[in-house]
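Novice: This is the structure I want to talk about, given as structure tokens.
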Amino acid sequence: MPIIVNGVTISEKEIELEMSGHVRAPAPRRAAIEALVVREVLRQEAHDKLAEANEVKQQAVNATTRDAEAFIEETMVERLIEREVVKPTLAEEECLVYYQNHPEQFRQSDLVEAGHILFEAKPGTISPALREQAEQVLQQVMQNPSEFEALARIHSTCTSASVGGNLGQLSPGDTVPEFERVIFSLEAGTISPTLVESPFGLHIVRAARRAQGKVFPFEMVKEQLSAHLMEQKRKRALRQYLKGLVALADIQGVEFVLS
């Protein structure tokens, strides 16, 4: 069944073409239909309300026919949104309240001084013998944590073995997820009681020291935060405007409610 917006049909071909821009959406077809319906409603509203349509068309005289048509539609929609959507305001107090309520967003990354003993193996090739060896060394380390560096020099196949398995300071994103989840969950001076398996093999993991990231001062982040909050307000205002247009449109062929 075709989708019709105030008498204008959206073809299956248009939907298929639009879907290429929504491949990561949970429901690509639904996302494509939503985009096309909103675009058509905006186009119709712009043609109905903008007296300067002819002026816009004149600006496109020097463009190719296809580009001119797209230029006209896009420019008219931009002018419609600029005129009709309520322009939000933002007080500094709003920024400060957001900053105070979300300190984790303005904190430097934590640092962990990490160490490991690596039993190297390619993914999917960890043999029972290698796992047994790693488990035996882990038991030695858990019984005598002070021997971690000495055992790393003997058993680790990582280049860090020469420095007792020390990997230096790590911040989030510096290592593979499997390793990161464990190293950032450990208290300072502790060793993971279980082996960690990653694409590099098996690890015995130690967190030597931890340094919690400091929160950036408000004055340092105020400008960036203000721009972020203003953009969020603009998006909400536009969404509300679009919801009102869609609610008034005669849409056939699909149950459509803009969320």
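Naming scheme: A, B, ... for chains in displayed order of the structure tokens; residues 1 onward per chain; ligands 1 onward as shown.
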Let's see if you can do this: from backbone DSSP, list all alpha helix (DSSP H) residues in region 11-238 of chain A, as an MDAnalysis selection string.
Specialist: chainID A and resid 12:19 28:49 53:59 65:84 92:101 128:143 148:155 177:183 218:238
Novice: Just want the 12 Å neighbourhood of region 12-26 of chain A, counted on only C-alpha atoms, with same-chain residues fewer than 3 positions away dropped. Output as a VMD selection string.
Specialist: chain A and resid 1 to 4 9 29 to 37 39 to 40 253
Novice: Using the selection just defined, write its residues with C-alpha atoms as a PDB file, in the first residue's frame.
Specialist:
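Output contents, as saved in out-v2.pdb:
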```pdb
ATOM      1  CA  MET A   1       0.000   0.000   0.000  1.00  0.00           C
ATOM      2  CA  PRO A   2       1.531   3.363  -1.004  1.00  0.00           C
ATOM      3  CA  ILE A   3       2.246   6.045   1.592  1.00  0.00           C
ATOM      4  CA  ILE A   4       0.418   9.283   0.839  1.00  0.00           C
ATOM      5  CA  THR A   9       2.650   9.685  -2.815  1.00  0.00           C
ATOM      6  CA  ARG A  29      12.687   1.067   6.888  1.00  0.00           C
ATOM      7  CA  ARG A  30      10.739   2.796   9.626  1.00  0.00           C
ATOM      8  CA  ALA A  31      13.468   5.421   9.980  1.00  0.00           C
ATOM      9  CA  ALA A  32      13.478   6.021   6.208  1.00  0.00           C
ATOM     10  CA  ILE A  33       9.685   6.433   6.100  1.00  0.00           C
ATOM     11  CA  GLU A  34       9.796   8.848   9.036  1.00  0.00           C
ATOM     12  CA  ALA A  35      12.460  10.955   7.314  1.00  0.00           C
ATOM     13  CA  LEU A  36      10.540  11.040   4.018  1.00  0.00           C
ATOM     14  CA  VAL A  37       7.220  11.914   5.655  1.00  0.00           C
ATOM     15  CA  ARG A  39      10.586  16.040   4.642  1.00  0.00           C
ATOM     16  CA  GLU A  40       7.397  16.043   2.571  1.00  0.00           C
ATOM     17  CA  GLY A 253      -0.657   3.879   4.109  1.00  0.00           C
TER      18      GLY A 253
END
```
Novice: Would you please give, as number ranges by chain, all residues of region 22-193 of chain A that DSSP assigns to strand (DSSP E) based on the backbone?
Specialist: A: 111-120, 166-170, 190-191
Novice: Residues of region 125-173 of chain A within 10 Å of region 178-183 of chain A: nearest atom pair and distance (Å, one decimal) for each, counting only C-alpha atoms, sorted by chain and number, as CSV?
Specialist:
```
residue,atom,partner,partner_atom,distance
A:Leu170,CA,A:Glu180,CA,8.9
A:Ser171,CA,A:Glu180,CA,8.8
A:Pro172,CA,A:Glu180,CA,7.0
A:Gly173,CA,A:Glu180,CA,7.7
```
Novice: Quick check, in Å to one decimal: how far apart do CA of Met220 (chain A) and CA of Ala91 (chain A) lie?
Specialist: 17.0 Å
Novice: Check the smallest atom-to-atom distance from each of A:Glu135, A:Glu104, A:Glu78, A:Glu219 to Leu118 (chain A) using only C-alpha atoms, then report the winner.
Specialist: A:Glu135
